Amino acid sequence: PAAAAARLDLDGNPIAPLTICMIGAGGFIGSHLCEKLMAETRHVVLAVDVYCDKIRHLVDPAPPHLAGRISFHRLNIKNDSRLEGLIKMADLTINLAAICTPADYNTRPLDTIYSNFIDALPVVKYCSENSKRLIHFSTCEVYGKTIGSFLPKDHPLRKEPEFYVLKEDESPCIFGPIVKQRWSYACAKQLIERLIFAEGAENGLEFTIVRPFNWIGPRMDFIPGVDGPSEGVPRVLACFSNNLLRREPLKLVDGGQSQRTFVYIKDAIEAVVLMIENPARANGHIFNVGNPDNEVTVRELAQMMTEVYANVSGEAPLDEPMIDVSSSQFYGEGYDDSDKRIPDMTIINKQLGWNPKTPLKDLLETTLTYQHKTYKEAVKRQMSQASST
Ligand code: NAD
Ligand code: UDP
């Protein structure tokens with residue numbers, strides 16, 4: 001379309017269509033990124049994943065208007081020689097592949113470390129050897145705990161931004177002890193960031209590192225027993241959605257006192273597109289991508305989701321909408337938590353002019369409307385089958 005042809009970068013130059021090798025394209029973030037690139041740009045996507053359920057509408061088969069624009073390559077990057085060829089065919093590689101659900105970090109620490117570090121190594125190597133640009137997905141969890149978390153609970157310095165705001169180029173990475181296997185993920189992500197940074201410094205790799213701060217929205221993770229294992233534990237948005245769909249209390253881990261900032265997936269995807277299309281502004285940078293204005297405790301999130309879900313579903317909330325559980329009951333031994341996550345937005349603002357837009361209430365309305373519409377009947381069916389067997 002003419003509108004796509006006229007796309008300009010932030011410096012006013014026309015954007016040439018790119019071929020993008022997107023690894024992990026079938027996941028939550030990948031599915032939204034594929035949709036956005038197909039709808040608004042002329043870039044070509046080589047979508048790599050072991051699953052394609054979340055992008056089936058784009059690839060199985062590709063609708064006629066997307067012919068030649070997107071192809072699905074079902075492969076496991078752990079052990080598939082086709083990976084190098086795909087990276088060589090592309091101008092840019094985006095690596096989203098990871099095990100990234102906290103319930104796995106302490107219960108499957110080996111898989112977590114292999115997935116987030118070892119399996120990413122060939123991707124970095126092929127990009128570096130073939131002089132291809134890399135956008136690698138890391139995590140806000142590389143910051144670990146805030147400095148302020150080590151002060152006494154009511155210490156006034158805890159209120160000072162220096163003690164909690166997370167800055168890409170200044171904040172330290174603070175993890176718990178090795179027995180707290182929660183940190184296996186953060187530590188693996190930190191090491192792959194350091195390796196990519198070193199490839200940039202020593203071998204000239206053109207890279208961008210993204211640190212997402214709790215991106216949420218439709219298609220995130222799975223609903224246990226419906227489109228994922230019954231015993232599986234997804235991230236908090238899907239856990240709470242599952243509880244609401246089943247009319248059971250939301251489980252607050254260790255009192256629900258941890259704080260998070262949630263950003264709407266569609267806002268965050270705009271930041272990624274800016275990175276893709278403005279290499280001169282994005283290369284060599286690590287970017288926080290989050291919404292510092294959307295901070296809540298997990299308990300407050302549970303309250304908001306309960307209210308919003310009652311509105312969108314028309315079902316009255318339970319008399320006791322939440323219950324407390326200990327982290328060892330919920331996640332098992334070795335769990336630990338990030339206390340607070342406020343992203344500093346200076347660098348992404350300066351380089352890409354990006355700002356998040358959607359307030360938490362609005363994004364929860366959109367997302368829970370989607371969850372209700374997509375899952376309510378399936379959950380009912382699954383619950384009645386389970387009770388009759
Ligand atoms: P996701 O689990 O939905 O997507 C990851 C995708 O990678 C999945 O589709 C999975 O099948 C695929 N994958 C994993 N291992 C693979 C392999 N060996 N070969 C091929 N495909 C493989 O998760 P997401 O939320 O879309 O996250 C994407 C990236 O962003 C991850 O690196 C994650 O660590 C990072 N991240 C996301 C968030 C967030 O808020 N969603 C926060 C922090 C970091
Ligand atoms: N959490 C919770 N109940 C749940 C799921 C998660 O209280 O059913 C808490 C979890 O302990 C953490 C926060 O919610 O403090 C966010 O968890 P998530 O899995 O989304 O990932 P994280 O932000 O820790 O990477």
# chains A, B, ... in the order shown; residues from 1 in each chain; ligands from 1

$ residues_around --residues "segment 323-328 of chain A" --least-positions-apart "5" --cutoff "12 Å" --atoms "only C-alpha atoms" --output "mmCIF file with C-alpha atoms, in the first residue's frame"
data_model
loop_
_atom_site.group_PDB
_atom_site.id
_atom_site.type_symbol
_atom_site.label_atom_id
_atom_site.label_comp_id
_atom_site.auth_asym_id
_atom_site.auth_seq_id
_atom_site.Cartn_x
_atom_site.Cartn_y
_atom_site.Cartn_z
ATOM 1 C CA PRO A 102 9.139 -17.607 36.786
ATOM 2 C CA ALA A 103 7.608 -20.955 37.825
ATOM 3 C CA ASN A 106 13.601 -22.569 40.407
ATOM 4 C CA THR A 107 12.032 -25.860 39.281
ATOM 5 C CA LYS A 180 17.652 -18.992 45.434
ATOM 6 C CA ARG A 182 14.878 -17.844 40.951
ATOM 7 C CA PHE A 240 -5.169 -14.206 37.648
ATOM 8 C CA ASN A 243 -8.665 -17.727 38.553
ATOM 9 C CA GLU A 248 -11.751 -19.080 42.263
ATOM 10 C CA PRO A 249 -9.817 -16.648 44.493
ATOM 11 C CA LEU A 250 -6.684 -14.992 43.089
ATOM 12 C CA LYS A 251 -3.576 -16.264 44.864
ATOM 13 C CA LEU A 252 -1.306 -13.599 46.342
ATOM 14 C CA VAL A 253 2.229 -14.900 46.719
ATOM 15 C CA ASP A 254 3.897 -13.831 49.994
ATOM 16 C CA GLY A 255 1.274 -11.147 50.614
ATOM 17 C CA GLY A 256 1.273 -9.620 47.116
ATOM 18 C CA GLN A 257 3.529 -6.792 48.291
ATOM 19 C CA VAL A 298 0.478 -7.412 43.035
ATOM 20 C CA ARG A 299 -2.364 -7.076 45.561
ATOM 21 C CA ALA A 302 -5.525 -8.441 41.831
ATOM 22 C CA GLN A 303 -8.076 -5.900 43.074
ATOM 23 C CA LEU A 318 -16.567 -13.627 44.921
ATOM 24 C CA GLU A 333 11.788 -24.004 47.131
ATOM 25 C CA GLY A 334 14.294 -21.522 45.744
ATOM 26 C CA TYR A 335 11.789 -18.848 44.736
ATOM 27 C CA ASP A 336 12.690 -15.233 45.435
ATOM 28 C CA ASP A 337 11.265 -11.992 44.050
#

$ residues_near_ligand --ligand "ligand 1" --cutoff "7 Å" --atoms "only C-alpha atoms and all ligand atoms" --output "count of residues only"
37

$ select_by_dssp --residues "segment 44-204 of chain A" --states "strand (DSSP E)" --output "list in words"
Val44, Val45, Leu46, Ala47, Val48, Asp49, Ile70, Ser71, Phe72, His73, Arg74, Leu92, Thr93, Ile94, Asn95, Arg133, Leu134, Ile135, His136, Phe137, Val165 and Leu166 of chain A

$ write_last_selection --atoms "N, CA, C and O atoms" --output "PDB file, in the first residue's frame"
ATOM      1  N   VAL A  44       9.832  -8.187   5.411  1.00  0.00           N
ATOM      2  CA  VAL A  44       9.566  -9.617   5.222  1.00  0.00           C
ATOM      3  C   VAL A  44      10.010 -10.345   6.493  1.00  0.00           C
ATOM      4  O   VAL A  44      11.082 -10.055   7.028  1.00  0.00           O
ATOM      5  N   VAL A  45       9.170 -11.263   6.990  1.00  0.00           N
ATOM      6  CA  VAL A  45       9.500 -11.971   8.232  1.00  0.00           C
ATOM      7  C   VAL A  45       9.701 -13.465   7.983  1.00  0.00           C
ATOM      8  O   VAL A  45       8.841 -14.122   7.401  1.00  0.00           O
ATOM      9  N   LEU A  46      10.854 -13.966   8.423  1.00  0.00           N
ATOM     10  CA  LEU A  46      11.096 -15.402   8.491  1.00  0.00           C
ATOM     11  C   LEU A  46      10.816 -15.764   9.944  1.00  0.00           C
ATOM     12  O   LEU A  46      11.613 -15.462  10.831  1.00  0.00           O
ATOM     13  N   ALA A  47       9.648 -16.347  10.183  1.00  0.00           N
ATOM     14  CA  ALA A  47       9.199 -16.586  11.560  1.00  0.00           C
ATOM     15  C   ALA A  47       9.676 -17.969  12.014  1.00  0.00           C
ATOM     16  O   ALA A  47       9.281 -18.981  11.446  1.00  0.00           O
ATOM     17  N   VAL A  48      10.528 -17.994  13.049  1.00  0.00           N
ATOM     18  CA  VAL A  48      11.100 -19.248  13.548  1.00  0.00           C
ATOM     19  C   VAL A  48      10.521 -19.554  14.926  1.00  0.00           C
ATOM     20  O   VAL A  48      10.519 -18.686  15.810  1.00  0.00           O
ATOM     21  N   ASP A  49      10.018 -20.767  15.110  1.00  0.00           N
ATOM     22  CA  ASP A  49       9.547 -21.179  16.444  1.00  0.00           C
ATOM     23  C   ASP A  49       9.271 -22.679  16.403  1.00  0.00           C
ATOM     24  O   ASP A  49       9.250 -23.277  15.327  1.00  0.00           O
ATOM     25  N   ILE A  70       5.621 -13.314   4.755  1.00  0.00           N
ATOM     26  CA  ILE A  70       5.889 -14.030   6.010  1.00  0.00           C
ATOM     27  C   ILE A  70       5.898 -15.533   5.755  1.00  0.00           C
ATOM     28  O   ILE A  70       5.055 -16.050   5.024  1.00  0.00           O
ATOM     29  N   SER A  71       6.891 -16.208   6.337  1.00  0.00           N
ATOM     30  CA  SER A  71       6.941 -17.676   6.223  1.00  0.00           C
ATOM     31  C   SER A  71       7.270 -18.245   7.592  1.00  0.00           C
ATOM     32  O   SER A  71       7.978 -17.615   8.383  1.00  0.00           O
ATOM     33  N   PHE A  72       6.719 -19.433   7.870  1.00  0.00           N
ATOM     34  CA  PHE A  72       6.965 -20.056   9.172  1.00  0.00           C
ATOM     35  C   PHE A  72       7.983 -21.181   9.032  1.00  0.00           C
ATOM     36  O   PHE A  72       7.862 -22.025   8.141  1.00  0.00           O
ATOM     37  N   HIS A  73       8.976 -21.184   9.904  1.00  0.00           N
ATOM     38  CA  HIS A  73      10.019 -22.217   9.897  1.00  0.00           C
ATOM     39  C   HIS A  73       9.998 -22.905  11.244  1.00  0.00           C
ATOM     40  O   HIS A  73      10.452 -22.335  12.243  1.00  0.00           O
ATOM     41  N   ARG A  74       9.421 -24.137  11.248  1.00  0.00           N
ATOM     42  CA  ARG A  74       9.299 -24.838  12.523  1.00  0.00           C
ATOM     43  C   ARG A  74      10.639 -25.473  12.859  1.00  0.00           C
ATOM     44  O   ARG A  74      11.041 -26.467  12.275  1.00  0.00           O
ATOM     45  N   LEU A  92      18.382  -8.598   9.452  1.00  0.00           N
ATOM     46  CA  LEU A  92      18.297  -8.362  10.896  1.00  0.00           C
ATOM     47  C   LEU A  92      17.750  -9.617  11.552  1.00  0.00           C
ATOM     48  O   LEU A  92      16.819 -10.225  11.021  1.00  0.00           O
ATOM     49  N   THR A  93      18.313 -10.002  12.705  1.00  0.00           N
ATOM     50  CA  THR A  93      17.754 -11.108  13.486  1.00  0.00           C
ATOM     51  C   THR A  93      17.208 -10.541  14.790  1.00  0.00           C
ATOM     52  O   THR A  93      17.865  -9.703  15.431  1.00  0.00           O
ATOM     53  N   ILE A  94      16.008 -10.996  15.163  1.00  0.00           N
ATOM     54  CA  ILE A  94      15.431 -10.612  16.457  1.00  0.00           C
ATOM     55  C   ILE A  94      15.284 -11.895  17.257  1.00  0.00           C
ATOM     56  O   ILE A  94      14.601 -12.819  16.810  1.00  0.00           O
ATOM     57  N   ASN A  95      15.934 -11.984  18.401  1.00  0.00           N
ATOM     58  CA  ASN A  95      15.838 -13.226  19.184  1.00  0.00           C
ATOM     59  C   ASN A  95      14.948 -13.047  20.410  1.00  0.00           C
ATOM     60  O   ASN A  95      15.296 -12.346  21.359  1.00  0.00           O
ATOM     61  N   ARG A 133      22.862  -7.551  11.836  1.00  0.00           N
ATOM     62  CA  ARG A 133      22.390  -6.834  13.007  1.00  0.00           C
ATOM     63  C   ARG A 133      21.540  -7.757  13.889  1.00  0.00           C
ATOM     64  O   ARG A 133      20.797  -8.597  13.379  1.00  0.00           O
ATOM     65  N   LEU A 134      21.632  -7.575  15.224  1.00  0.00           N
ATOM     66  CA  LEU A 134      20.877  -8.401  16.184  1.00  0.00           C
ATOM     67  C   LEU A 134      20.098  -7.513  17.161  1.00  0.00           C
ATOM     68  O   LEU A 134      20.669  -6.592  17.763  1.00  0.00           O
ATOM     69  N   ILE A 135      18.812  -7.801  17.304  1.00  0.00           N
ATOM     70  CA  ILE A 135      18.026  -7.224  18.414  1.00  0.00           C
ATOM     71  C   ILE A 135      17.736  -8.380  19.356  1.00  0.00           C
ATOM     72  O   ILE A 135      17.036  -9.332  18.994  1.00  0.00           O
ATOM     73  N   HIS A 136      18.305  -8.333  20.545  1.00  0.00           N
ATOM     74  CA  HIS A 136      18.165  -9.454  21.480  1.00  0.00           C
ATOM     75  C   HIS A 136      17.256  -9.069  22.639  1.00  0.00           C
ATOM     76  O   HIS A 136      17.426  -8.008  23.250  1.00  0.00           O
ATOM     77  N   PHE A 137      16.324  -9.965  22.970  1.00  0.00           N
ATOM     78  CA  PHE A 137      15.416  -9.721  24.090  1.00  0.00           C
ATOM     79  C   PHE A 137      16.004 -10.243  25.383  1.00  0.00           C
ATOM     80  O   PHE A 137      16.168 -11.441  25.571  1.00  0.00           O
ATOM     81  N   VAL A 165      14.975   3.603  41.063  1.00  0.00           N
ATOM     82  CA  VAL A 165      14.775   3.710  39.611  1.00  0.00           C
ATOM     83  C   VAL A 165      15.884   2.943  38.880  1.00  0.00           C
ATOM     84  O   VAL A 165      17.055   3.024  39.248  1.00  0.00           O
ATOM     85  N   LEU A 166      15.501   2.166  37.869  1.00  0.00           N
ATOM     86  CA  LEU A 166      16.456   1.273  37.203  1.00  0.00           C
ATOM     87  C   LEU A 166      16.950   1.902  35.903  1.00  0.00           C
ATOM     88  O   LEU A 166      16.162   2.163  34.982  1.00  0.00           O
TER      89      LEU A 166
END

$ residues_around --residues "Ala198 of chain A" --least-positions-apart "4" --cutoff "12 Å" --atoms "only C-alpha atoms" --output "list in words"
Val124, Lys125, Ser128, Leu191, Ile192, Glu193, Arg194, Glu202, Asn203, Gly204, Leu205, Glu206, Phe207 and Gly284 of chain A

$ residues_around --residues "Val296 of chain A" --least-positions-apart "3" --cutoff "12 Å" --atoms "only C-alpha atoms" --output "PyMOL selection string"
chain A and resi 214+256-263+291-293+299-305+339-342+359-361

$ atom_distance --atom1 "atom CA of Ser387 of chain A" --atom2 "atom CA of Ser230 of chain A"
14.1 Å

$ residues_around --residues "Ala16 of chain A" --least-positions-apart "6" --cutoff "9 Å" --atoms "only C-alpha atoms" --output "VMD selection string"
chain A and resid 5 7 42 to 43 277

$ write_last_selection --atoms "N, CA and C atoms" --output "PDB file, in the first residue's frame"
ATOM      1  N   ALA A   5       4.577   2.347   1.734  1.00  0.00           N
ATOM      2  CA  ALA A   5       5.716   2.689   0.889  1.00  0.00           C
ATOM      3  C   ALA A   5       6.335   4.004   1.320  1.00  0.00           C
ATOM      4  N   ARG A   7       6.792   5.160   4.303  1.00  0.00           N
ATOM      5  CA  ARG A   7       7.303   5.207   5.681  1.00  0.00           C
ATOM      6  C   ARG A   7       8.677   5.869   5.749  1.00  0.00           C
ATOM      7  N   ARG A  42       6.522  -2.921   5.113  1.00  0.00           N
ATOM      8  CA  ARG A  42       6.732  -3.834   3.980  1.00  0.00           C
ATOM      9  C   ARG A  42       7.835  -4.853   4.271  1.00  0.00           C
ATOM     10  N   HIS A  43       8.253  -4.946   5.540  1.00  0.00           N
ATOM     11  CA  HIS A  43       9.327  -5.886   5.858  1.00  0.00           C
ATOM     12  C   HIS A  43       8.860  -7.327   5.680  1.00  0.00           C
ATOM     13  N   GLU A 277      13.525   0.087  12.719  1.00  0.00           N
ATOM     14  CA  GLU A 277      13.591   1.009  11.585  1.00  0.00           C
ATOM     15  C   GLU A 277      14.563   2.163  11.774  1.00  0.00           C
TER      16      GLU A 277
END

$ residues_around --residues "segment 11-14 of chain A" --least-positions-apart "3" --cutoff "12 Å" --atoms "only C-alpha atoms" --output "list of chain:residue names"
A:Ala3, A:Ala4, A:Ala5, A:Ala6, A:Arg7, A:Leu8, A:Pro17, A:Thr41, A:Arg42, A:Leu274, A:Glu277, A:Asn278, A:Pro279, A:Ala280, A:Arg281, A:Gln351, A:Leu352, A:Gly353

$ closest_residue --among "A:Thr146, A:Arg56, A:Thr366, A:Asp91" --to "Gly217 of chain A" --atoms "only C-alpha atoms"
A:Thr366

$ atom_distance --atom1 "atom CA of Pro61 of chain A" --atom2 "atom CA of Leu37 of chain A"
17.2 Å

$ residues_around --residues "Asp344 of chain A" --least-positions-apart "4" --cutoff "10 Å" --atoms "only C-alpha atoms" --output "list of chain:residue names"
A:Pro161, A:Tyr164, A:Val165, A:Leu166, A:Lys167, A:Glu168, A:Phe287, A:Asn288, A:Val289, A:Gly290, A:Asn291, A:Pro292, A:Ile348, A:Asn349

$ select_by_dssp --residues "segment 149-338 of chain A" --states "alpha helix (DSSP H)" --output "number ranges by chain"
A: 183-203, 236-246, 265-277, 279-282, 298-313, 327-330

$ closest_residue --among "A:Glu270, A:Glu295, A:Glu365, A:Glu199" --to "Asn311 of chain A" --atoms "only C-alpha atoms"
A:Glu365

$ closest_residue --among "A:Met22, A:Val379, A:Val273, A:Ala186" --to "ligand 2" --atoms "only C-alpha atoms and all ligand atoms"
A:Ala186
